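Have a look at query-v5.pdb; it's PDB, C-alpha atoms, pLDDT in the B column:
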ATOM      1  CA  ALA K   1      48.064  14.307  37.325  1.00 69.00           C
ATOM      2  CA  GLN K   2      44.876  13.270  39.040  1.00 74.00           C
ATOM      3  CA  SER K   3      44.983   9.756  40.398  1.00 87.00           C
ATOM      4  CA  VAL K   4      43.218   7.331  42.674  1.00 93.00           C
ATOM      5  CA  THR K   5      45.170   4.848  44.745  1.00 96.00           C
ATOM      6  CA  GLN K   6      43.851   1.677  46.264  1.00 97.00           C
ATOM      7  CA  PRO K   7      46.943   0.307  47.982  1.00 96.00           C
ATOM      8  CA  ASP K   8      45.544  -3.140  48.700  1.00 96.00           C
ATOM      9  CA  ILE K   9      45.226  -5.428  45.680  1.00 95.00           C
ATOM     10  CA  HIS K  10      43.734  -8.327  47.585  1.00 97.00           C
ATOM     11  CA  ILE K  11      42.302  -8.592  51.082  1.00 97.00           C
ATOM     12  CA  THR K  12      41.010 -11.678  52.827  1.00 97.00           C
ATOM     13  CA  VAL K  13      38.813 -11.411  55.885  1.00 97.00           C
ATOM     14  CA  SER K  14      36.843 -13.899  57.907  1.00 97.00           C
ATOM     15  CA  GLU K  15      33.088 -13.831  57.725  1.00 97.00           C
ATOM     16  CA  GLY K  16      31.780 -11.637  60.515  1.00 97.00           C
ATOM     17  CA  ALA K  17      34.983  -9.653  60.821  1.00 98.00           C
ATOM     18  CA  SER K  18      35.199  -5.951  60.137  1.00 98.00           C
ATOM     19  CA  LEU K  19      36.501  -4.560  56.876  1.00 97.00           C
ATOM     20  CA  GLU K  20      38.265  -1.420  55.755  1.00 98.00           C
ATOM     21  CA  LEU K  21      39.275  -0.798  52.163  1.00 98.00           C
ATOM     22  CA  ARG K  22      41.569   2.125  51.587  1.00 98.00           C
ATOM     23  CA  CYS K  23      41.342   4.795  48.931  1.00 97.00           C
ATOM     24  CA  ASN K  24      43.448   7.894  48.459  1.00 96.00           C
ATOM     25  CA  TYR K  25      43.111  10.487  45.750  1.00 93.00           C
ATOM     26  CA  SER K  26      45.382  13.096  44.316  1.00 89.00           C
ATOM     27  CA  TYR K  27      43.560  16.256  43.339  1.00 78.00           C
ATOM     28  CA  GLY K  28      43.980  19.939  43.985  1.00 71.00           C
ATOM     29  CA  ALA K  29      40.391  20.280  45.083  1.00 76.00           C
ATOM     30  CA  THR K  30      37.903  17.943  46.695  1.00 73.00           C
ATOM     31  CA  PRO K  31      36.407  15.772  44.004  1.00 84.00           C
ATOM     32  CA  TYR K  32      33.199  13.813  44.028  1.00 89.00           C
ATOM     33  CA  LEU K  33      33.955  10.374  45.459  1.00 92.00           C
ATOM     34  CA  PHE K  34      32.385   7.003  44.788  1.00 94.00           C
ATOM     35  CA  TRP K  35      32.714   3.382  45.781  1.00 97.00           C
ATOM     36  CA  TYR K  36      31.538   0.667  43.421  1.00 96.00           C
ATOM     37  CA  VAL K  37      31.390  -3.106  43.740  1.00 97.00           C
ATOM     38  CA  GLN K  38      31.755  -5.558  40.870  1.00 95.00           C
ATOM     39  CA  SER K  39      30.924  -9.235  40.953  1.00 92.00           C
ATOM     40  CA  PRO K  40      32.656 -11.467  38.382  1.00 88.00           C
ATOM     41  CA  GLY K  41      31.370 -10.899  34.860  1.00 86.00           C
ATOM     42  CA  GLN K  42      29.070  -8.112  35.971  1.00 88.00           C
ATOM     43  CA  GLY K  43      28.877  -4.360  35.718  1.00 89.00           C
ATOM     44  CA  LEU K  44      29.496  -1.986  38.587  1.00 92.00           C
ATOM     45  CA  GLN K  45      27.039  -1.284  41.359  1.00 93.00           C
ATOM     46  CA  LEU K  46      27.196   1.939  43.322  1.00 94.00           C
ATOM     47  CA  LEU K  47      27.713   1.425  47.047  1.00 96.00           C
ATOM     48  CA  LEU K  48      27.859   5.055  48.112  1.00 95.00           C
ATOM     49  CA  LYS K  49      28.996   8.505  47.087  1.00 93.00           C
ATOM     50  CA  TYR K  50      30.225  11.719  48.662  1.00 92.00           C
ATOM     51  CA  PHE K  51      29.787  15.193  47.284  1.00 87.00           C
ATOM     52  CA  SER K  52      29.755  17.448  50.331  1.00 86.00           C
ATOM     53  CA  GLY K  53      28.380  17.751  53.834  1.00 88.00           C
ATOM     54  CA  ASP K  54      28.609  15.049  56.463  1.00 91.00           C
ATOM     55  CA  THR K  55      31.917  13.282  55.956  1.00 93.00           C
ATOM     56  CA  LEU K  56      30.555   9.906  57.044  1.00 97.00           C
ATOM     57  CA  VAL K  57      28.443   8.476  54.274  1.00 96.00           C
ATOM     58  CA  GLN K  58      26.109   5.517  54.569  1.00 97.00           C
ATOM     59  CA  GLY K  59      25.599   3.243  51.616  1.00 96.00           C
ATOM     60  CA  ILE K  60      23.854   0.069  50.627  1.00 95.00           C
ATOM     61  CA  LYS K  61      24.539  -3.404  52.003  1.00 95.00           C
ATOM     62  CA  GLY K  62      25.723  -2.018  55.331  1.00 97.00           C
ATOM     63  CA  PHE K  63      28.731  -0.180  53.923  1.00 98.00           C
ATOM     64  CA  GLU K  64      29.900   3.243  54.988  1.00 98.00           C
ATOM     65  CA  ALA K  65      32.786   5.486  54.014  1.00 98.00           C
ATOM     66  CA  GLU K  66      34.487   8.408  55.664  1.00 97.00           C
ATOM     67  CA  PHE K  67      35.933  11.340  53.785  1.00 95.00           C
ATOM     68  CA  LYS K  68      39.034  12.811  55.379  1.00 95.00           C
ATOM     69  CA  ARG K  69      40.183  15.924  53.617  1.00 92.00           C
ATOM     70  CA  SER K  70      43.456  16.166  55.515  1.00 92.00           C
ATOM     71  CA  GLN K  71      44.443  12.694  54.355  1.00 93.00           C
ATOM     72  CA  SER K  72      42.840  12.856  50.897  1.00 93.00           C
ATOM     73  CA  SER K  73      41.182   9.591  51.759  1.00 95.00           C
ATOM     74  CA  PHE K  74      37.800   7.982  51.343  1.00 97.00           C
ATOM     75  CA  ASN K  75      38.016   4.598  53.029  1.00 98.00           C
ATOM     76  CA  LEU K  76      35.209   2.074  52.825  1.00 98.00           C
ATOM     77  CA  ARG K  77      34.156   0.163  55.931  1.00 98.00           C
ATOM     78  CA  LYS K  78      31.783  -2.538  56.993  1.00 98.00           C
ATOM     79  CA  PRO K  79      31.465  -3.715  60.598  1.00 97.00           C
ATOM     80  CA  SER K  80      30.647  -7.350  59.794  1.00 98.00           C
ATOM     81  CA  VAL K  81      31.453  -8.937  56.460  1.00 98.00           C
ATOM     82  CA  HIS K  82      29.172 -11.513  54.848  1.00 97.00           C
ATOM     83  CA  TRP K  83      30.298 -14.194  52.423  1.00 96.00           C
ATOM     84  CA  SER K  84      28.265 -12.480  49.702  1.00 95.00           C
ATOM     85  CA  ASP K  85      30.498  -9.410  50.001  1.00 97.00           C
ATOM     86  CA  ALA K  86      33.289 -11.232  48.180  1.00 97.00           C
ATOM     87  CA  ALA K  87      33.850  -9.166  45.040  1.00 97.00           C
ATOM     88  CA  GLU K  88      36.034  -6.486  43.490  1.00 97.00           C
ATOM     89  CA  TYR K  89      35.740  -2.990  44.951  1.00 98.00           C
ATOM     90  CA  PHE K  90      36.598   0.159  43.069  1.00 97.00           C
ATOM     91  CA  CYS K  91      37.077   3.647  44.388  1.00 97.00           C
ATOM     92  CA  ALA K  92      36.451   6.371  41.835  1.00 94.00           C
ATOM     93  CA  VAL K  93      36.533  10.142  41.660  1.00 91.00           C
ATOM     94  CA  VAL K  94      35.341  12.819  39.334  1.00 87.00           C
ATOM     95  CA  LEU K  95      36.454  16.392  39.447  1.00 70.00           C
ATOM     96  CA  TYR K  96      33.495  18.676  39.967  1.00 59.00           C
ATOM     97  CA  GLY K  97      33.016  20.817  36.945  1.00 53.00           C
ATOM     98  CA  GLY K  98      35.513  18.872  34.881  1.00 49.00           C
ATOM     99  CA  SER K  99      34.991  19.294  31.183  1.00 48.00           C
ATOM    100  CA  GLN K 100      34.724  15.610  30.530  1.00 55.00           C
ATOM    101  CA  GLY K 101      33.465  14.600  33.913  1.00 76.00           C
ATOM    102  CA  ASN K 102      34.489  11.001  33.550  1.00 83.00           C
ATOM    103  CA  LEU K 103      35.172   8.784  36.510  1.00 89.00           C
ATOM    104  CA  ILE K 104      38.768   8.011  37.339  1.00 89.00           C
ATOM    105  CA  PHE K 105      39.107   4.593  38.919  1.00 93.00           C
ATOM    106  CA  GLY K 106      41.547   3.054  41.292  1.00 94.00           C
ATOM    107  CA  LYS K 107      42.969  -0.320  40.369  1.00 94.00           C
ATOM    108  CA  GLY K 108      40.522  -2.101  42.603  1.00 96.00           C
ATOM    109  CA  THR K 109      40.716  -4.278  45.677  1.00 97.00           C
ATOM    110  CA  LYS K 110      39.631  -7.873  45.527  1.00 97.00           C
ATOM    111  CA  LEU K 111      37.890  -8.999  48.679  1.00 97.00           C
ATOM    112  CA  SER K 112      37.850 -12.661  49.624  1.00 97.00           C
ATOM    113  CA  VAL K 113      35.792 -13.887  52.557  1.00 97.00           C
ATOM    114  CA  LYS K 114      36.708 -17.057  54.376  1.00 96.00           C
ATOM    115  CA  PRO K 115      34.197 -18.995  56.414  1.00 91.00           C
TER     116      PRO K 115
ATOM    117  CA  GLY E   1      15.862   4.415  38.987  1.00 73.00           C
ATOM    118  CA  ALA E   2      18.734   5.409  36.703  1.00 84.00           C
ATOM    119  CA  VAL E   3      19.105   2.058  35.003  1.00 89.00           C
ATOM    120  CA  VAL E   4      21.325   1.352  32.034  1.00 94.00           C
ATOM    121  CA  SER E   5      20.667  -1.740  29.950  1.00 96.00           C
ATOM    122  CA  GLN E   6      23.560  -3.184  27.963  1.00 97.00           C
ATOM    123  CA  HIS E   7      23.252  -5.855  25.264  1.00 97.00           C
ATOM    124  CA  PRO E   8      24.421  -8.389  24.438  1.00 97.00           C
ATOM    125  CA  SER E   9      25.919  -9.742  27.638  1.00 96.00           C
ATOM    126  CA  ARG E  10      28.087 -12.181  25.721  1.00 97.00           C
ATOM    127  CA  VAL E  11      29.072 -12.409  22.088  1.00 97.00           C
ATOM    128  CA  ILE E  12      31.415 -14.627  20.144  1.00 97.00           C
ATOM    129  CA  CYS E  13      32.394 -13.538  16.683  1.00 96.00           C
ATOM    130  CA  LYS E  14      34.799 -14.575  13.986  1.00 97.00           C
ATOM    131  CA  SER E  15      37.933 -12.612  13.325  1.00 97.00           C
ATOM    132  CA  GLY E  16      37.326  -9.897  10.733  1.00 97.00           C
ATOM    133  CA  THR E  17      33.659  -9.394  11.490  1.00 97.00           C
ATOM    134  CA  SER E  18      32.028  -6.472  13.294  1.00 97.00           C
ATOM    135  CA  VAL E  19      30.110  -6.498  16.532  1.00 98.00           C
ATOM    136  CA  LYS E  20      27.699  -3.899  17.877  1.00 98.00           C
ATOM    137  CA  ILE E  21      27.091  -3.371  21.566  1.00 98.00           C
ATOM    138  CA  GLU E  22      24.108  -1.327  22.700  1.00 97.00           C
ATOM    139  CA  CYS E  23      23.687   0.703  25.835  1.00 96.00           C
ATOM    140  CA  ARG E  24      20.285   2.158  26.703  1.00 95.00           C
ATOM    141  CA  SER E  25      19.231   4.398  29.540  1.00 93.00           C
ATOM    142  CA  LEU E  26      15.813   3.138  30.586  1.00 92.00           C
ATOM    143  CA  ASP E  27      14.391   5.800  32.844  1.00 87.00           C
ATOM    144  CA  PHE E  28      16.433   8.932  32.290  1.00 88.00           C
ATOM    145  CA  GLN E  29      18.009  10.889  29.496  1.00 89.00           C
ATOM    146  CA  ALA E  30      21.705  10.288  29.164  1.00 89.00           C
ATOM    147  CA  THR E  31      23.361  13.191  27.413  1.00 88.00           C
ATOM    148  CA  THR E  32      26.768  11.745  28.205  1.00 90.00           C
ATOM    149  CA  MET E  33      27.798   8.118  28.074  1.00 93.00           C
ATOM    150  CA  PHE E  34      31.148   6.489  28.617  1.00 94.00           C
ATOM    151  CA  TRP E  35      32.633   3.309  27.209  1.00 96.00           C
ATOM    152  CA  TYR E  36      35.149   1.307  29.182  1.00 95.00           C
ATOM    153  CA  ARG E  37      37.230  -1.729  28.515  1.00 96.00           C
ATOM    154  CA  GLN E  38      38.283  -4.052  31.286  1.00 94.00           C
ATOM    155  CA  PHE E  39      40.991  -6.666  31.032  1.00 89.00           C
ATOM    156  CA  PRO E  40      40.967  -9.660  33.392  1.00 86.00           C
ATOM    157  CA  LYS E  41      41.743  -8.719  36.963  1.00 83.00           C
ATOM    158  CA  GLN E  42      42.287  -5.095  36.029  1.00 88.00           C
ATOM    159  CA  SER E  43      40.510  -1.830  36.472  1.00 90.00           C
ATOM    160  CA  LEU E  44      38.324  -0.091  33.945  1.00 92.00           C
ATOM    161  CA  MET E  45      40.026   1.776  31.148  1.00 93.00           C
ATOM    162  CA  LEU E  46      38.090   4.642  29.634  1.00 93.00           C
ATOM    163  CA  MET E  47      37.907   4.287  25.864  1.00 95.00           C
ATOM    164  CA  ALA E  48      35.713   7.182  24.889  1.00 94.00           C
ATOM    165  CA  THR E  49      33.109   9.670  25.962  1.00 92.00           C
ATOM    166  CA  SER E  50      30.041  10.179  23.833  1.00 91.00           C
ATOM    167  CA  ASN E  51      27.680  13.108  23.919  1.00 89.00           C
ATOM    168  CA  GLU E  52      24.288  12.944  22.305  1.00 87.00           C
ATOM    169  CA  GLY E  53      24.329  14.399  18.841  1.00 85.00           C
ATOM    170  CA  SER E  54      28.060  14.957  18.587  1.00 86.00           C
ATOM    171  CA  LYS E  55      31.187  13.003  17.833  1.00 89.00           C
ATOM    172  CA  ALA E  56      32.687  10.888  20.537  1.00 92.00           C
ATOM    173  CA  THR E  57      35.895  11.901  22.257  1.00 92.00           C
ATOM    174  CA  TYR E  58      38.400   9.085  22.306  1.00 95.00           C
ATOM    175  CA  GLU E  59      41.132   8.548  24.819  1.00 93.00           C
ATOM    176  CA  GLN E  60      44.704   8.484  23.691  1.00 93.00           C
ATOM    177  CA  GLY E  61      45.650   5.204  22.099  1.00 94.00           C
ATOM    178  CA  VAL E  62      42.108   4.127  21.260  1.00 95.00           C
ATOM    179  CA  GLU E  63      41.552   3.612  17.551  1.00 94.00           C
ATOM    180  CA  LYS E  64      38.585   5.653  16.395  1.00 94.00           C
ATOM    181  CA  ASP E  65      38.132   3.628  13.221  1.00 95.00           C
ATOM    182  CA  LYS E  66      38.094   0.342  15.076  1.00 96.00           C
ATOM    183  CA  PHE E  67      35.804   1.350  17.912  1.00 97.00           C
ATOM    184  CA  LEU E  68      32.933   3.287  16.395  1.00 96.00           C
ATOM    185  CA  ILE E  69      30.695   5.042  18.867  1.00 95.00           C
ATOM    186  CA  ASN E  70      27.312   6.474  18.035  1.00 92.00           C
ATOM    187  CA  HIS E  71      25.128   8.409  20.432  1.00 91.00           C
ATOM    188  CA  ALA E  72      22.230   9.354  18.219  1.00 83.00           C
ATOM    189  CA  SER E  73      19.580   9.739  20.899  1.00 91.00           C
ATOM    190  CA  LEU E  74      19.331  10.640  24.562  1.00 90.00           C
ATOM    191  CA  THR E  75      18.712   7.022  25.477  1.00 92.00           C
ATOM    192  CA  LEU E  76      20.971   5.013  23.198  1.00 94.00           C
ATOM    193  CA  SER E  77      24.693   4.768  22.626  1.00 95.00           C
ATOM    194  CA  THR E  78      26.340   2.037  20.591  1.00 96.00           C
ATOM    195  CA  LEU E  79      29.868   0.735  20.337  1.00 97.00           C
ATOM    196  CA  THR E  80      30.793  -1.127  17.181  1.00 97.00           C
ATOM    197  CA  VAL E  81      33.993  -3.102  17.124  1.00 97.00           C
ATOM    198  CA  THR E  82      34.944  -3.249  13.467  1.00 97.00           C
ATOM    199  CA  SER E  83      37.094  -5.924  11.863  1.00 96.00           C
ATOM    200  CA  ALA E  84      37.479  -7.593  15.217  1.00 97.00           C
ATOM    201  CA  HIS E  85      40.608  -9.528  16.062  1.00 96.00           C
ATOM    202  CA  PRO E  86      41.398 -11.838  18.966  1.00 96.00           C
ATOM    203  CA  GLU E  87      43.221  -9.036  20.784  1.00 95.00           C
ATOM    204  CA  ASP E  88      39.924  -7.141  20.919  1.00 96.00           C
ATOM    205  CA  SER E  89      38.510  -9.854  23.143  1.00 96.00           C
ATOM    206  CA  SER E  90      37.657  -8.179  26.405  1.00 95.00           C
ATOM    207  CA  PHE E  91      34.915  -7.051  28.741  1.00 96.00           C
ATOM    208  CA  TYR E  92      33.261  -3.833  27.598  1.00 97.00           C
ATOM    209  CA  ILE E  93      31.154  -1.737  29.957  1.00 96.00           C
ATOM    210  CA  CYS E  94      29.102   1.348  29.272  1.00 96.00           C
ATOM    211  CA  SER E  95      28.231   4.011  31.783  1.00 94.00           C
ATOM    212  CA  ALA E  96      25.906   6.976  31.772  1.00 93.00           C
ATOM    213  CA  ARG E  97      26.043  10.124  33.794  1.00 88.00           C
ATOM    214  CA  VAL E  98      22.795  10.616  35.621  1.00 85.00           C
ATOM    215  CA  PRO E  99      21.590  14.227  35.491  1.00 78.00           C
ATOM    216  CA  ARG E 100      22.038  16.428  38.523  1.00 69.00           C
ATOM    217  CA  GLY E 101      19.699  15.912  41.422  1.00 66.00           C
ATOM    218  CA  THR E 102      19.592  13.434  44.255  1.00 60.00           C
ATOM    219  CA  ALA E 103      20.421  10.606  41.892  1.00 63.00           C
ATOM    220  CA  TYR E 104      23.387  12.377  40.375  1.00 72.00           C
ATOM    221  CA  GLY E 105      26.208  10.048  39.649  1.00 84.00           C
ATOM    222  CA  TYR E 106      27.197   7.385  37.224  1.00 90.00           C
ATOM    223  CA  THR E 107      25.346   4.182  36.492  1.00 91.00           C
ATOM    224  CA  PHE E 108      26.790   1.206  34.665  1.00 94.00           C
ATOM    225  CA  GLY E 109      25.562  -1.408  32.269  1.00 95.00           C
ATOM    226  CA  SER E 110      26.100  -5.061  33.098  1.00 95.00           C
ATOM    227  CA  GLY E 111      28.899  -5.405  30.585  1.00 95.00           C
ATOM    228  CA  THR E 112      29.530  -7.355  27.384  1.00 97.00           C
ATOM    229  CA  ARG E 113      32.001 -10.190  27.174  1.00 96.00           C
ATOM    230  CA  LEU E 114      33.414 -10.180  23.651  1.00 97.00           C
ATOM    231  CA  THR E 115      35.329 -13.186  22.410  1.00 97.00           C
ATOM    232  CA  VAL E 116      36.874 -13.051  18.961  1.00 97.00           C
ATOM    233  CA  VAL E 117      37.845 -16.416  17.519  1.00 97.00           C
TER     234      VAL E 117
END

Take the structure in the file and give it back as structure tokens.
Amino acid sequence: AQSVTQPDIHITVSEGASLELRCNYSYGATPYLFWYVQSPGQGLQLLLKYFSGDTLVQGIKGFEAEFKRSQSSFNLRKPSVHWSDAAEYFCAVVLYGGSQGNLIFGKGTKLSVKP
Amino acid sequence: GAVVSQHPSRVICKSGTSVKIECRSLDFQATTMFWYRQFPKQSLMLMATSNEGSKATYEQGVEKDKFLINHASLTLSTLTVTSAHPEDSSFYICSARVPRGTAYGYTFGSGTRLTVV
């Protein structure tokens, strides 16, 4: 069955430090890939997405993600974390051409930022 | 662009009453909308997929008669929680698939916190 794995439930980083959030997917083909961020009590905001082409994708708020087909991964990175980045991060996939085309989410990674 | 407006953001209702949550696409036509439920500190659980003008498709384990979904126009989908009980208290989020093009993807409403007392 298709699945999305975010192995880290909670990560704490110091402000100004670099960040990498991991995401692996299990699909037969390359799906469309997304990263979303959710602040408490809010909806989800799209950070970036990958469909095809350049495997390094730039997003909003200084985030980027790299698609690695050989590892079935789409890890999110930021070179210098700000306190306002503290939130829940979700990796999601959708199978291109899927009949329902709904997003399948990972369980999320909570990011805490310490001063 | 590609904004989805969800209302209300918070609602408290008495047990046994019904609550309607609205989700509107403001600047695009949403032929497909999705309704999710999110428990505290958990991921989003897909409840149902609604397509404009047709019946919603519910995920396994979701009660169709309790969670009524209507997608009568290309810009509006509603979720009605009927005969609500405390266990229905949760955070409900709608999402719409943005049509193909540079903006293709999925955009989310800001969510509705439902508390049943």

Checklist entry - Which is closer to K:Leu21 than all the others in K:Val4, K:Val81, K:Val94, K:Leu76, using only C-alpha atoms? => result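 That would be K:Leu76, the residue with the smallest distance to K:Leu21.
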
Item to check | All residues 12 Å or closer to E:Ser73, only C-alpha atoms, same chain fewer than 4 positions away omitted, as a ChimeraX atom specification | outcome: /E:23-25,28-33,50-54,77-78

Next on the checklist: Quick check: residues of chain E within 7 Å of chain K, all atoms listed in the file, returned as a list in words.
Outcome noted: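 Output check: Gln42, Ser43, Leu44, Ile93, Phe108, Gly109, Ser110 and Gly111 of chain E.
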
Checklist entry - When the PyMOL selection byres ((chain K and resi 54) around 12) is applied to the file above, which residues end up in the set, as a PyMOL selection string? => result chain K and resi 49-53+55-58+64-69

Item to check | Exercise: E:Ser15 partners within 7 Å, only C-alpha atoms, chain neighbours under 4 positions left out, as a list in words | outcome: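 What passes the distance filter is Ser83, Ala84, His85, Pro86, Val116 and Val117 of chain E.
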
Checklist entry - Using only C-alpha atoms, which of E:Met47, E:Val11, E:Ala72, E:Leu26 sits nearest E:Gln60? => result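 Closest to E:Gln60 of all the choices is E:Met47.
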
Checklist entry - So how many Å separate atom CA of E:Leu114 and atom CA of K:Gln6, to one decimal? => result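 Value for the atom CA of E:Leu114-atom CA of K:Gln6 distance: 27.6 Å.
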
Next on the checklist: Please report the interatomic distance between atom CA of E:Thr115 and atom CA of E:Tyr92 in Å with one decimal.
Outcome noted: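 One can read the atom CA of E:Thr115 to atom CA of E:Tyr92 distance as 10.9 Å.
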
Using the chain letters and numbers from the file, which residues does the PyMOL selection byres ((chain K and resi 19) around 10) grab, as a PDB file with C-alpha atoms, in the frame of the given file?
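Result went into out.pdb, see below:
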ATOM      1  CA  ILE K  11      42.302  -8.592  51.082  1.00 97.00           C
ATOM      2  CA  THR K  12      41.010 -11.678  52.827  1.00 97.00           C
ATOM      3  CA  VAL K  13      38.813 -11.411  55.885  1.00 97.00           C
ATOM      4  CA  SER K  14      36.843 -13.899  57.907  1.00 97.00           C
ATOM      5  CA  GLU K  15      33.088 -13.831  57.725  1.00 97.00           C
ATOM      6  CA  GLY K  16      31.780 -11.637  60.515  1.00 97.00           C
ATOM      7  CA  ALA K  17      34.983  -9.653  60.821  1.00 98.00           C
ATOM      8  CA  SER K  18      35.199  -5.951  60.137  1.00 98.00           C
ATOM      9  CA  GLU K  20      38.265  -1.420  55.755  1.00 98.00           C
ATOM     10  CA  LEU K  21      39.275  -0.798  52.163  1.00 98.00           C
ATOM     11  CA  ARG K  22      41.569   2.125  51.587  1.00 98.00           C
ATOM     12  CA  PHE K  63      28.731  -0.180  53.923  1.00 98.00           C
ATOM     13  CA  LEU K  76      35.209   2.074  52.825  1.00 98.00           C
ATOM     14  CA  ARG K  77      34.156   0.163  55.931  1.00 98.00           C
ATOM     15  CA  LYS K  78      31.783  -2.538  56.993  1.00 98.00           C
ATOM     16  CA  PRO K  79      31.465  -3.715  60.598  1.00 97.00           C
ATOM     17  CA  SER K  80      30.647  -7.350  59.794  1.00 98.00           C
ATOM     18  CA  VAL K  81      31.453  -8.937  56.460  1.00 98.00           C
ATOM     19  CA  LEU K 111      37.890  -8.999  48.679  1.00 97.00           C
TER      20      LEU K 111
END

Item to check | Atom-to-atom span, atom CA of K:Lys61 and atom CA of E:Ser5, Å | outcome: 22.5 Å

Checklist entry - Which neighbours of E:Lys20 fall inside 12 Å, counting only C-alpha atoms, when residues of the same chain fewer than 6 positions from it are skipped, and could you give them as a ChimeraX atom specification? => result /E:6-13,66-70,77-84,92,112,114

Residues from last step as file, C-alpha atoms, as a short mmCIF file (atom, residue, chain, number, x, y, z; two decimals), in the coordinates of the input:
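Okay, selection_32.cif is ready:
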data_model
loop_
_atom_site.label_atom_id
_atom_site.label_comp_id
_atom_site.auth_asym_id
_atom_site.auth_seq_id
_atom_site.Cartn_x
_atom_site.Cartn_y
_atom_site.Cartn_z
CA GLN E 6 23.56 -3.18 27.96
CA HIS E 7 23.25 -5.86 25.26
CA PRO E 8 24.42 -8.39 24.44
CA SER E 9 25.92 -9.74 27.64
CA ARG E 10 28.09 -12.18 25.72
CA VAL E 11 29.07 -12.41 22.09
CA ILE E 12 31.42 -14.63 20.14
CA CYS E 13 32.39 -13.54 16.68
CA LYS E 66 38.09 0.34 15.08
CA PHE E 67 35.80 1.35 17.91
CA LEU E 68 32.93 3.29 16.40
CA ILE E 69 30.70 5.04 18.87
CA ASN E 70 27.31 6.47 18.04
CA SER E 77 24.69 4.77 22.63
CA THR E 78 26.34 2.04 20.59
CA LEU E 79 29.87 0.74 20.34
CA THR E 80 30.79 -1.13 17.18
CA VAL E 81 33.99 -3.10 17.12
CA THR E 82 34.94 -3.25 13.47
CA SER E 83 37.09 -5.92 11.86
CA ALA E 84 37.48 -7.59 15.22
CA TYR E 92 33.26 -3.83 27.60
CA THR E 112 29.53 -7.36 27.38
CA LEU E 114 33.41 -10.18 23.65
#

Checklist entry - If the PyMOL selection byres ((chain E and resi 59) around 9) is run on the structure shown, which residues does it catch, given as a list in words? => result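 Output from the PyMOL selection byres ((chain E and resi 59) around 9), applied to this file: Leu46, Met47, Ala48, Thr49, Thr57, Tyr58, Gln60, Gly61, Val62 and Glu63 of chain E.
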